[in-house]
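Raw coords_31.csv, CSV, C-alpha atoms and all ligand atoms:
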```
chain,number,residue,atom,x,y,z
A,808,MET,CA,0.8,-153.3,-107.4
A,809,ALA,CA,-1.8,-155.3,-105.5
A,810,GLN,CA,-3.8,-152.1,-104.8
A,811,GLN,CA,-3.9,-151.3,-108.5
A,812,LEU,CA,-5.3,-154.8,-109.3
A,813,CYS,CA,-8.6,-155.7,-107.8
A,814,THR,CA,-11.2,-158.4,-107.9
A,815,ILE,CA,-12.2,-157.4,-111.4
A,816,PRO,CA,-9.8,-158.7,-114.0
A,817,CYS,CA,-7.6,-156.0,-115.6
A,818,ILE,CA,-6.0,-155.6,-119.0
A,819,THR,CA,-2.5,-154.2,-119.6
A,820,GLU,CA,0.4,-153.9,-122.0
A,821,ILE,CA,4.0,-154.6,-120.9
A,822,PRO,CA,7.1,-154.4,-123.2
A,823,GLU,CA,7.6,-158.0,-124.3
A,824,ASN,CA,11.3,-158.0,-123.3
A,825,TYR,CA,10.5,-157.1,-119.7
A,826,ARG,CA,7.5,-159.4,-119.4
A,827,ALA,CA,9.4,-162.2,-117.5
A,828,LEU,CA,10.6,-159.6,-115.0
A,829,TRP,CA,7.1,-158.4,-114.5
A,830,GLU,CA,5.8,-161.9,-114.1
A,831,LEU,CA,8.5,-162.4,-111.4
A,832,CYS,CA,7.1,-159.5,-109.4
A,833,LEU,CA,3.4,-160.2,-110.0
A,834,THR,CA,2.9,-162.7,-107.2
A,835,ASP,CA,-0.6,-163.9,-106.5
A,836,VAL,CA,-1.7,-162.6,-109.9
A,837,TRP,CA,-3.0,-165.0,-112.6
A,838,CYS,CA,-2.0,-163.9,-116.1
A,839,PRO,CA,-4.0,-166.0,-118.6
A,840,VAL,CA,-2.4,-165.9,-122.1
A,841,SER,CA,-5.7,-165.6,-123.9
A,842,LEU,CA,-9.4,-165.1,-123.6
A,843,GLU,CA,-9.9,-168.8,-124.3
A,844,GLU,CA,-7.6,-169.8,-121.4
A,845,TRP,CA,-9.5,-167.5,-119.0
A,846,ARG,CA,-12.9,-168.9,-120.2
A,847,ASP,CA,-11.7,-172.5,-119.7
A,848,ARG,CA,-10.4,-171.9,-116.2
A,849,ILE,CA,-13.4,-169.9,-114.9
A,850,ASP,CA,-15.7,-172.6,-116.2
A,851,SER,CA,-13.7,-175.4,-114.6
A,852,PRO,CA,-14.5,-176.4,-111.0
A,853,ARG,CA,-10.8,-176.0,-110.0
A,854,GLU,CA,-10.2,-173.0,-107.9
A,855,ILE,CA,-8.0,-170.2,-109.3
A,856,ASP,CA,-5.0,-170.0,-107.0
A,857,ALA,CA,-4.5,-166.2,-107.3
A,858,ASP,CA,-5.9,-163.0,-105.8
A,859,SER,CA,-6.3,-161.2,-109.0
A,860,THR,CA,-6.4,-161.7,-112.8
A,861,LEU,CA,-4.3,-159.7,-115.3
A,862,PHE,CA,-4.4,-160.0,-119.0
A,863,VAL,CA,-1.0,-159.1,-120.5
A,864,ASN,CA,-0.3,-158.3,-124.1
A,865,LEU,CA,-3.4,-160.0,-125.5
A,866,SER,CA,-4.3,-160.1,-129.2
A,867,PRO,CA,-6.3,-157.0,-130.3
A,868,SER,CA,-9.5,-159.1,-130.8
A,869,ASP,CA,-9.3,-160.7,-127.3
A,870,ARG,CA,-8.5,-157.3,-125.8
A,871,GLU,CA,-11.5,-155.7,-127.5
A,872,GLU,CA,-13.9,-158.4,-126.4
A,873,LEU,CA,-12.8,-158.2,-122.8
A,874,ALA,CA,-13.1,-154.5,-122.8
A,875,GLN,CA,-16.4,-154.2,-124.7
A,876,VAL,CA,-18.3,-157.3,-123.6
A,877,PHE,CA,-17.0,-157.8,-120.1
A,878,GLY,CA,-16.1,-154.2,-119.4
A,879,PHE,CA,-12.8,-155.1,-117.8
A,880,PRO,CA,-10.6,-152.0,-117.2
A,881,ALA,CA,-7.2,-151.3,-118.8
A,882,VAL,CA,-4.5,-150.5,-116.3
A,883,LYS,CA,-1.2,-148.8,-117.0
A,884,PHE,CA,2.1,-150.2,-115.6
A,885,PRO,CA,5.5,-148.6,-115.8
A,886,ALA,CA,7.8,-150.4,-118.3
A,887,LEU,CA,9.7,-152.0,-115.5
A,888,PRO,CA,9.0,-153.1,-112.0
A,889,SER,CA,11.0,-151.2,-109.4
A,890,ILE,CA,14.2,-152.5,-107.8
A,891,GLU,CA,12.3,-152.9,-104.5
A,892,GLN,CA,9.6,-155.0,-106.2
A,893,VAL,CA,12.3,-157.3,-107.7
A,894,ASN,CA,14.1,-157.6,-104.4
A,895,GLN,CA,11.0,-158.6,-102.7
A,896,ALA,CA,10.1,-161.3,-105.2
A,897,LEU,CA,13.4,-162.6,-106.3
A,898,PRO,CA,14.6,-164.7,-103.3
A,899,SER,CA,11.5,-167.0,-103.2
A,900,ARG,CA,11.3,-167.3,-107.0
A,901,PHE,CA,15.0,-167.5,-107.8
A,902,GLU,CA,14.7,-171.1,-108.9
A,903,THR,CA,11.4,-170.9,-110.7
A,904,THR,CA,11.4,-167.6,-112.5
A,905,HIS,CA,11.1,-167.6,-116.3
A,906,LEU,CA,13.7,-164.9,-116.7
A,907,PHE,CA,16.4,-165.5,-119.4
A,908,LYS,CA,19.2,-167.2,-117.5
A,909,GLN,CA,23.0,-166.7,-117.6
A,910,SER,CA,23.5,-170.5,-117.9
A,911,ASP,CA,21.4,-170.3,-121.2
A,912,VAL,CA,23.4,-167.5,-122.8
A,913,ALA,CA,25.8,-169.7,-124.8
A,914,ALA,CA,22.9,-171.9,-126.1
A,915,GLY,CA,20.7,-168.8,-126.6
A,916,ILE,CA,23.3,-167.0,-128.8
A,917,THR,CA,23.8,-170.1,-130.8
A,918,GLU,CA,20.1,-170.5,-131.4
A,919,ARG,CA,19.6,-166.8,-132.3
A,920,ILE,CA,22.2,-166.8,-135.0
A,921,ARG,CA,21.6,-170.3,-136.4
A,922,GLN,CA,19.2,-169.2,-139.1
A,923,GLU,CA,20.9,-166.1,-140.5
A,924,LEU,CA,24.6,-167.0,-139.8
A,925,PRO,CA,25.9,-163.4,-140.0
A,926,GLN,CA,29.5,-163.1,-141.1
A,927,ILE,CA,30.6,-161.8,-137.8
A,928,VAL,CA,29.3,-162.7,-134.3
A,929,VAL,CA,30.5,-160.6,-131.4
A,930,LEU,CA,30.2,-161.2,-127.7
A,931,LEU,CA,31.2,-158.4,-125.5
A,932,VAL,CA,31.2,-159.1,-121.8
A,933,PHE,CA,31.6,-156.5,-119.1
A,934,ASP,CA,33.1,-157.5,-115.8
A,935,GLY,CA,30.5,-156.0,-113.4
A,936,LEU,CA,27.4,-154.2,-114.8
A,937,SER,CA,23.9,-154.1,-113.5
A,938,PHE,CA,20.8,-154.3,-115.6
A,939,TYR,CA,19.1,-151.4,-113.8
A,940,ASP,CA,22.1,-149.1,-114.3
A,941,VAL,CA,21.7,-149.3,-118.1
A,942,VAL,CA,17.9,-149.5,-118.8
A,943,ASP,CA,17.8,-146.1,-120.3
A,944,TRP,CA,20.6,-146.7,-122.8
A,945,LYS,CA,19.3,-146.5,-126.3
A,946,LEU,CA,21.3,-148.7,-128.6
A,947,PRO,CA,20.3,-148.7,-132.2
A,948,GLN,CA,18.5,-151.9,-133.5
A,949,ALA,CA,18.9,-153.5,-130.2
A,950,THR,CA,16.7,-155.3,-127.8
A,951,LEU,CA,17.6,-155.3,-124.1
A,952,GLU,CA,16.4,-157.9,-121.7
A,953,PRO,CA,17.3,-158.7,-118.1
A,954,CYS,CA,19.4,-161.8,-117.7
A,955,LEU,CA,19.4,-163.6,-114.4
A,956,VAL,CA,22.8,-164.6,-112.9
A,957,ASP,CA,21.4,-168.0,-111.9
A,958,GLY,CA,24.1,-168.9,-109.4
A,959,LEU,CA,26.8,-167.3,-107.3
A,960,SER,CA,27.2,-163.7,-108.6
A,961,VAL,CA,31.0,-163.7,-108.5
A,962,THR,CA,33.3,-163.3,-111.5
A,963,ASN,CA,34.8,-166.7,-111.7
A,964,SER,CA,31.6,-168.7,-111.6
A,965,ALA,CA,29.5,-166.2,-113.5
A,966,MET,CA,32.0,-165.8,-116.4
A,967,GLN,CA,32.2,-169.6,-116.9
A,968,ARG,CA,28.4,-169.9,-116.6
A,969,LEU,CA,27.8,-167.5,-119.4
A,970,ILE,CA,30.6,-168.9,-121.7
A,971,GLY,CA,29.0,-172.3,-121.3
A,972,SER,CA,30.1,-175.8,-121.5
A,973,PRO,CA,30.8,-176.6,-124.2
A,974,VAL,CA,32.2,-173.1,-124.6
A,975,LEU,CA,30.4,-170.8,-127.0
A,976,THR,CA,33.4,-170.8,-129.4
A,977,HIS,CA,33.0,-174.5,-129.7
A,978,ARG,CA,29.3,-174.3,-130.5
A,979,LEU,CA,29.9,-171.6,-133.1
A,980,PHE,CA,32.8,-173.4,-134.7
A,981,GLU,CA,30.3,-176.2,-135.5
A,982,LEU,CA,28.2,-173.7,-137.3
A,983,GLY,CA,31.1,-172.6,-139.4
A,984,TYR,CA,32.7,-169.9,-137.4
A,985,ILE,CA,36.2,-171.3,-137.9
A,986,ARG,CA,38.0,-168.0,-137.3
A,987,ARG,CA,38.1,-166.7,-133.8
A,988,LEU,CA,39.2,-163.3,-132.5
A,989,GLY,CA,39.6,-163.0,-128.8
A,990,PHE,CA,40.5,-160.0,-126.6
A,991,SER,CA,41.4,-160.2,-123.0
A,992,TYR,CA,43.3,-158.1,-120.4
A,993,TRP,CA,45.1,-161.3,-119.3
A,994,GLU,CA,47.3,-163.9,-120.9
A,995,ARG,CA,45.9,-167.4,-121.0
A,996,ALA,CA,49.0,-168.8,-119.4
A,997,MET,CA,48.9,-166.3,-116.5
A,998,ASN,CA,45.3,-166.5,-115.6
A,999,ALA,CA,43.2,-169.6,-115.0
A,1000,LEU,CA,39.9,-168.0,-115.8
A,1001,THR,CA,41.1,-166.5,-119.0
A,1002,ASP,CA,42.4,-169.9,-120.0
A,1003,VAL,CA,38.9,-171.3,-119.5
A,1004,LEU,CA,37.0,-168.5,-121.2
A,1005,PHE,CA,39.3,-168.5,-124.2
A,1006,ALA,CA,39.7,-172.3,-124.5
A,1007,GLU,CA,39.8,-173.3,-128.2
A,1008,PHE,CA,41.2,-169.9,-129.3
A,1009,PRO,CA,44.4,-170.5,-131.2
A,1010,PRO,CA,47.2,-168.4,-129.7
A,1011,ASN,CA,47.5,-166.3,-132.9
A,1012,GLN,CA,43.7,-165.5,-132.6
A,1013,LEU,CA,43.8,-164.3,-129.0
A,1014,HIS,CA,45.1,-160.8,-128.2
A,1015,ARG,CA,46.0,-159.4,-124.9
A,1016,MET,CA,45.0,-155.8,-124.7
A,1017,THR,CA,45.4,-152.9,-122.3
A,1018,THR,CA,42.7,-150.6,-123.6
A,1019,PHE,CA,39.5,-150.9,-125.5
A,1020,ASP,CA,40.9,-148.7,-128.3
A,1021,GLU,CA,43.3,-151.5,-129.1
A,1022,VAL,CA,40.4,-153.8,-129.6
A,1023,LEU,CA,38.8,-151.3,-132.0
A,1024,ARG,CA,42.0,-150.9,-133.9
A,1025,LYS,CA,42.5,-154.6,-134.3
A,1026,ILE,CA,38.9,-155.1,-135.5
A,1027,LYS,CA,39.3,-152.3,-137.9
A,1028,ALA,CA,42.5,-153.7,-139.4
A,1029,SER,CA,41.0,-157.2,-139.6
A,1030,VAL,CA,40.1,-158.9,-142.9
A,1031,TRP,CA,36.8,-160.8,-142.8
A,1032,GLU,CA,37.3,-163.6,-145.3
A,1033,THR,CA,35.3,-166.2,-143.4
A,1034,HIS,CA,32.7,-166.5,-140.7
A,1035,THR,CA,34.3,-165.1,-137.5
A,1036,TYR,CA,33.5,-165.1,-133.8
A,1037,VAL,CA,34.8,-162.2,-131.8
A,1038,GLN,CA,34.9,-162.5,-128.0
A,1039,ILE,CA,35.8,-159.5,-125.9
A,1040,ILE,CA,36.1,-159.4,-122.1
A,1041,ARG,CA,36.2,-155.8,-120.9
A,1042,SER,CA,36.4,-154.5,-117.4
A,1043,GLY,CA,33.2,-153.0,-116.2
A,1044,LEU,CA,32.6,-151.7,-112.6
A,1045,ASP,CA,33.9,-154.8,-110.7
A,1046,GLY,CA,37.4,-153.3,-110.3
A,1047,VAL,CA,36.4,-150.0,-108.9
A,1048,CYS,CA,33.8,-151.4,-106.5
A,1049,HIS,CA,36.4,-153.4,-104.5
A,1050,PHE,CA,39.2,-150.9,-104.3
A,1051,ASN,CA,39.1,-147.2,-104.8
A,1052,ARG,CA,40.3,-144.5,-102.5
A,1053,GLU,CA,37.5,-142.1,-103.3
A,1054,ARG,CA,33.9,-143.0,-104.0
A,1055,PRO,CA,34.0,-144.0,-107.7
A,1056,ASN,CA,32.2,-141.8,-110.2
A,1057,ILE,CA,29.9,-144.5,-111.4
A,1058,LYS,CA,28.0,-142.3,-113.8
A,1059,SER,CA,31.2,-141.4,-115.7
A,1060,ILE,CA,32.4,-145.0,-115.9
A,1061,LEU,CA,29.0,-146.0,-117.2
A,1062,ASP,CA,29.3,-143.3,-119.8
A,1063,ASP,CA,32.7,-144.7,-120.9
A,1064,LEU,CA,31.2,-148.2,-121.3
A,1065,LYS,CA,28.4,-146.8,-123.4
A,1066,ARG,CA,30.8,-144.8,-125.5
A,1067,ASP,CA,32.8,-148.0,-126.2
A,1068,ILE,CA,29.7,-149.9,-127.3
A,1069,PHE,CA,28.9,-147.2,-129.8
A,1070,SER,CA,32.5,-147.1,-131.0
A,1071,LEU,CA,32.4,-150.9,-131.5
A,1072,LEU,CA,29.2,-150.7,-133.4
A,1073,GLU,CA,30.6,-148.1,-135.6
A,1074,VAL,CA,33.7,-150.2,-136.4
A,1075,LEU,CA,31.5,-153.2,-137.1
A,1076,GLN,CA,29.3,-151.2,-139.4
A,1077,GLU,CA,32.4,-150.1,-141.3
A,1078,THR,CA,33.3,-153.7,-142.1
A,1079,GLU,CA,30.3,-153.7,-144.3
A,1080,LYS,CA,29.8,-157.4,-143.3
A,1081,SER,CA,26.6,-158.8,-141.7
A,1082,PHE,CA,27.1,-159.0,-138.0
A,1083,ARG,CA,25.3,-159.6,-134.7
A,1084,LEU,CA,26.5,-158.2,-131.5
A,1085,PHE,CA,25.6,-159.6,-128.0
A,1086,ILE,CA,26.5,-157.6,-124.9
A,1087,THR,CA,26.2,-158.9,-121.3
A,1088,ALA,CA,28.0,-158.9,-118.0
A,1089,ASP,CA,29.1,-161.5,-115.5
A,1090,HIS,CA,27.2,-160.0,-112.5
A,1091,GLY,CA,25.9,-156.7,-111.3
A,1092,ILE,CA,27.0,-154.7,-108.2
A,1093,LEU,CA,25.2,-153.8,-105.1
A,1094,TRP,CA,26.6,-150.3,-104.3
A,1095,TYR,CA,27.4,-149.4,-100.7
A,1096,ALA,CA,24.6,-147.6,-99.0
A,1097,ASP,CA,25.1,-148.0,-95.2
A,1098,GLN,CA,23.9,-151.5,-95.2
A,1099,ASP,CA,23.4,-153.3,-91.9
A,1100,ILE,CA,26.0,-156.0,-91.0
A,1101,ILE,CA,24.9,-159.6,-90.3
A,1102,PRO,CA,27.9,-161.8,-90.1
A,1103,LEU,CA,27.5,-165.2,-92.0
A,1104,ALA,CA,30.5,-167.1,-90.6
A,1105,GLN,CA,33.3,-166.7,-88.1
A,1106,GLU,CA,36.2,-166.6,-90.5
A,1107,LYS,CA,37.0,-166.1,-94.2
A,1108,PHE,CA,33.8,-164.4,-95.1
A,1109,ASN,CA,32.8,-162.3,-98.0
A,1110,ALA,CA,30.4,-159.4,-98.0
A,1111,ARG,CA,27.5,-161.3,-99.6
A,1112,TYR,CA,28.1,-165.1,-99.4
A,1113,THR,CA,29.8,-167.9,-97.6
A,1114,ASP,CA,30.5,-171.5,-98.5
A,1115,VAL,CA,29.1,-172.5,-95.1
A,1116,SER,CA,25.6,-173.9,-95.2
A,1117,ILE,CA,23.3,-171.9,-92.9
A,1118,ALA,CA,19.7,-173.0,-92.6
A,1119,GLY,CA,16.9,-170.5,-92.5
A,1120,GLY,CA,16.9,-166.9,-91.4
A,1121,ASP,CA,16.0,-163.6,-92.9
A,1122,ASN,CA,17.8,-162.4,-96.0
A,1123,LEU,CA,19.4,-165.8,-96.5
A,1124,LEU,CA,19.2,-168.1,-99.5
A,1125,THR,CA,20.9,-171.5,-100.0
A,1126,LEU,CA,22.3,-171.9,-103.5
A,1127,ASN,CA,23.2,-175.5,-104.6
A,1128,THR,CA,25.6,-175.1,-107.5
A,1129,ASP,CA,28.0,-177.4,-109.4
A,1130,GLU,CA,30.8,-175.9,-107.4
A,1131,GLY,CA,29.2,-176.5,-104.0
A,1132,THR,CA,26.6,-175.2,-101.6
A,1133,TYR,CA,26.6,-171.5,-100.7
A,1134,THR,CA,24.6,-169.4,-98.3
A,1135,VAL,CA,24.1,-165.9,-99.9
A,1136,LEU,CA,22.5,-162.7,-98.7
A,1137,THR,CA,19.4,-161.5,-100.5
A,1138,GLY,CA,18.0,-158.0,-101.0
A,1139,ASP,CA,19.9,-154.8,-100.7
A,1140,LYS,CA,19.8,-154.0,-97.0
A,1141,VAL,CA,22.5,-156.2,-95.5
A,1142,ILE,CA,26.1,-157.2,-95.9
A,1143,ALA,CA,28.1,-159.8,-94.0
A,1144,LYS,CA,31.2,-157.9,-92.9
A,1145,GLN,CA,32.5,-154.5,-92.1
A,1146,ARG,CA,33.2,-152.7,-95.3
A,1147,LYS,CA,36.8,-151.6,-95.9
A,1148,VAL,CA,37.0,-147.8,-96.5
A,1149,THR,CA,38.1,-148.4,-100.1
A,1150,GLU,CA,35.2,-150.8,-100.8
A,1151,TRP,CA,32.2,-149.2,-102.6
A,1152,GLY,CA,30.2,-152.1,-103.8
A,1153,PHE,CA,29.6,-155.8,-103.3
A,1154,HIS,CA,28.5,-158.9,-105.2
A,1155,GLY,CA,28.0,-162.6,-104.6
A,1156,GLY,CA,24.4,-162.3,-103.2
A,1157,VAL,CA,21.0,-162.4,-104.8
A,1158,SER,CA,19.4,-159.0,-105.5
A,1159,ALA,CA,18.1,-157.0,-108.4
A,1160,GLN,CA,21.4,-155.1,-108.4
A,1161,GLU,CA,23.7,-158.2,-108.3
A,1162,SER,CA,21.6,-160.8,-110.1
A,1163,LEU,CA,20.2,-159.0,-113.1
A,1164,VAL,CA,22.6,-158.1,-115.9
A,1165,PRO,CA,21.8,-156.6,-119.3
A,1166,PHE,CA,21.6,-158.8,-122.3
A,1167,TRP,CA,21.6,-156.9,-125.6
A,1168,ASP,CA,21.0,-158.4,-128.9
A,1169,VAL,CA,22.1,-156.0,-131.6
A,1170,ARG,CA,21.3,-156.7,-135.2
A,1171,GLN,CA,23.1,-155.0,-138.0
B,1201,ZN,ZN,33.2,-159.7,-112.0
```
Step by step, read the file and then write its structure as structure tokens.
Ligand SMILES: [Zn+2]
Amino acid sequence: MAQQLCTIPCITEIPENYRALWELCLTDVWCPVSLEEWRDRIDSPREIDADSTLFVNLSPSDREELAQVFGFPAVKFPALPSIEQVNQALPSRFETTHLFKQSDVAAGITERIRQELPQIVVLLVFDGLSFYDVVDWKLPQATLEPCLVDGLSVTNSAMQRLIGSPVLTHRLFELGYIRRLGFSYWERAMNALTDVLFAEFPPNQLHRMTTFDEVLRKIKASVWETHTYVQIIRSGLDGVCHFNRERPNIKSILDDLKRDIFSLLEVLQETEKSFRLFITADHGILWYADQDIIPLAQEKFNARYTDVSIAGGDNLLTLNTDEGTYTVLTGDKVIAKQRKVTEWGFHGGVSAQESLVPFWDVRQ
């Protein structure tokens, strides 16, 4: 990108929903938000701490003035930075990036629906799904943005991070969503994580399911007399990445997930009630690609992280989380242990593949 930008300031347009991701990757680039900000700064004696200047998504009048009066060129960017660009920038900016964060999902959803209070609010969470694997999916009336898994990218921590504390159910109950409908593969009593994720769901409003079709049938048969919050945890690609005899057919699993989203949308539309559907995932997956092995600890180690604190070193990042301190691997070139022959993907580290999950906001 640096070659494309030069000493002359440039003008560009970037899809607003991918702007934060671009800003993560545009290191050493100053992006003034307006012509006025640019004027103020170049007139001030303070030095500009960047190699180049890029005007992103300016107002038409600012844009025209910069092009006509100053003759600044327009440059064209792809809609998204590449995975390589993200992997280069993410480790050093993991804490400071302005990407939408997983720990803000529960508060974010509450804010987004507060004004309109649609009759039905649905949160569909996939266990294991990467943002970059779904960027070309076209869901109707939906915006897609990348969401940063801002902590350890493993199921237990990530699911709890996105459900929030207080849990989303609780926040929505306060807005009038007194009826809840929960769907999980596990019983609350049998699984500690399910117990946390579905806290505050009365037993008669939580359904154990074995297939997504059951969810669709239950929603179809439901009567929507009052504001209702629907929470669905569906398996994504996490299961097949850890244990599969043959290399999993990722494309066909992704197609299944997409088909289920469309079926869910159809069923929601048939209710003829106002609804808002949010779709996200706990973490993404770094697929096996002959990565080099750099062991992180002597015993009990995972492919991408350890709870031992290791200072410094290439491809290492220390994460201080509520659950403790972890050392994680960054980028997509290394893993920390010999892969089992049945293991096709890894997560727990910090990379575009593991740390960026989709966040769809679908309006009726
Ligand atoms: Zn998971």
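Comparing A:Leu955, A:Leu936, A:Leu1123, A:Ile1057 by their smallest distance to ligand ZN 1201 (chain B), the closest is A:Leu936 (using only C-alpha atoms and all ligand atoms).
Nearest-residue note for Asn1127 of chain A: choosing from A:Ala1028, A:Val1115, A:Leu828, A:Ala999, the minimum distance belongs to A:Val1115, counting all atoms listed in the file.
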- request: Write as a list in words the residues around ligand ZN 1201 (chain B), taking 6 Å as the cut-off and counting only C-alpha atoms and all ligand atoms.
  value: Asp934, Gly935, Val961, Thr962, Asp1045 and Asp1089 of chain A
message: As an exercise, work out the distance from atom CA of Leu842 of chain A to atom CA of Pro888 of chain A in Å and give it to one decimal place.
response: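 Atom-to-atom, atom CA of Leu842 of chain A to atom CA of Pro888 of chain A, that is 24.8 Å.
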One number please: atom CA of Lys1144 of chain A to atom CA of Pro1165 of chain A, in Å, one decimal.
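Atom-to-atom, atom CA of Lys1144 of chain A and atom CA of Pro1165 of chain A are spaced 28.1 Å apart.
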| request: Quote the spacing between atom CA of Gln875 of chain A and atom CA of Glu843 of chain A in Å to one decimal place. | output: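 Value for the atom CA of Gln875 of chain A-atom CA of Glu843 of chain A distance: 16.0 Å.
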Spatial neighbours of Leu988 of chain A, 8 Å, only C-alpha atoms, chain gap at least 5 places, as a ChimeraX atom specification: /A:1008,1012-1014,1035-1038
Kindly provide the residues of segment 965-1027 of chain A that approach segment 904-923 of chain A to within 8 Å, each paired with its closest atom pair and their distance in Å to one decimal, based on only C-alpha atoms, listed by chain and increasing number, as JSON lines.
```
{"residue": "A:Ala965", "atom": "CA", "partner": "A:Gln909", "partner_atom": "CA", "distance": 7.7}
{"residue": "A:Arg968", "atom": "CA", "partner": "A:Ser910", "partner_atom": "CA", "distance": 5.1}
{"residue": "A:Leu969", "atom": "CA", "partner": "A:Gln909", "partner_atom": "CA", "distance": 5.2}
{"residue": "A:Ile970", "atom": "CA", "partner": "A:Ala913", "partner_atom": "CA", "distance": 5.8}
{"residue": "A:Gly971", "atom": "CA", "partner": "A:Ala913", "partner_atom": "CA", "distance": 5.4}
{"residue": "A:Val974", "atom": "CA", "partner": "A:Ala913", "partner_atom": "CA", "distance": 7.2}
{"residue": "A:Leu975", "atom": "CA", "partner": "A:Ala913", "partner_atom": "CA", "distance": 5.2}
{"residue": "A:Arg978", "atom": "CA", "partner": "A:Thr917", "partner_atom": "CA", "distance": 6.9}
{"residue": "A:Leu979", "atom": "CA", "partner": "A:Thr917", "partner_atom": "CA", "distance": 6.7}
{"residue": "A:Leu982", "atom": "CA", "partner": "A:Arg921", "partner_atom": "CA", "distance": 7.5}
```
Residue nearest Tyr992 of chain A - candidates A:Ile1092, A:Ala949, A:Val1030, A:Ile1039, atoms counted: only C-alpha atoms: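 Once distances to Tyr992 of chain A are computed over only C-alpha atoms, the minimum belongs to A:Ile1039.
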message: Show me the residues around (27.7, -174.0, -102.4) - criterion: an atom at most 12 Å away, all atoms listed in the file counted - as a list in words.
response: Gly958, Leu959, Ser964, Tyr1112, Thr1113, Asp1114, Val1115, Ser1116, Ile1117, Leu1124, Thr1125, Leu1126, Asn1127, Thr1128, Asp1129, Glu1130, Gly1131, Thr1132, Tyr1133, Thr1134, Val1135 and Gly1155 of chain A
Nearest candidate to Thr1078 of chain A (options A:Ala1110, A:Leu924, A:Ile1026, A:Asn1011; using only C-alpha atoms) =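 For Thr1078 of chain A, the nearest of the candidates is A:Ile1026.
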message = So that I can check the surroundings of Pro925 of chain A, please list as a PyMOL selection string every protein, DNA and RNA residue that reaches within 8 Å of it, counting only C-alpha atoms and ignoring chain neighbours fewer than 6 positions away.
response = chain A and resi 1034+1080-1083
Next, write the just-selected residues to a file, as a tab-separated table (two decimals), in the frame of the given file, keeping C-alpha atoms as the atom set.
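Heads up, here's the output in again_26.tsv:
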```tsv
chain	number	residue	atom	x	y	z
A	1034	HIS	CA	32.70	-166.50	-140.70
A	1080	LYS	CA	29.80	-157.40	-143.30
A	1081	SER	CA	26.60	-158.80	-141.70
A	1082	PHE	CA	27.10	-159.00	-138.00
A	1083	ARG	CA	25.30	-159.60	-134.70
```
Which residues are close to Gln1076 of chain A, i.e. within 12 Å by all atoms listed in the file, leaving aside same-chain residues fewer than 3 positions away? Reply as a ChimeraX atom specification.
/A:927,947,1026-1027,1069-1073,1079-1084,1169-1171
Closest to Glu1077 of chain A among A:Asp1062, A:Ser1042, A:Thr1137, A:Ser1029, using only C-alpha atoms?
->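 Answer, going by the shortest atom-to-atom distance: A:Ser1029.
Nearest residue to Leu931 of chain A, choosing from A:Leu1163, A:Ala996, A:Ile1142, A:Ile1086 and counting only C-alpha atoms: A:Ile1086.
Surrounding residues of (1.8, -160.7, -124.1) at most 10 Å away are Thr819, Glu820, Ile821, Pro822, Glu823, Asn824, Arg826, Cys838, Pro839, Val840, Ser841, Phe862, Val863, Asn864, Leu865 and Ser866 of chain A (based on all atoms listed in the file).
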Mind dumping the selected residues with C-alpha atoms as a compact mmCIF listing (two decimals), in the coordinates of the input?
```
# COMPACT_ATOMS: atom_id res chain seq x y z
CA THR A 819 -2.50 -154.20 -119.60
CA GLU A 820 0.40 -153.90 -122.00
CA ILE A 821 4.00 -154.60 -120.90
CA PRO A 822 7.10 -154.40 -123.20
CA GLU A 823 7.60 -158.00 -124.30
CA ASN A 824 11.30 -158.00 -123.30
CA ARG A 826 7.50 -159.40 -119.40
CA CYS A 838 -2.00 -163.90 -116.10
CA PRO A 839 -4.00 -166.00 -118.60
CA VAL A 840 -2.40 -165.90 -122.10
CA SER A 841 -5.70 -165.60 -123.90
CA PHE A 862 -4.40 -160.00 -119.00
CA VAL A 863 -1.00 -159.10 -120.50
CA ASN A 864 -0.30 -158.30 -124.10
CA LEU A 865 -3.40 -160.00 -125.50
CA SER A 866 -4.30 -160.10 -129.20
```
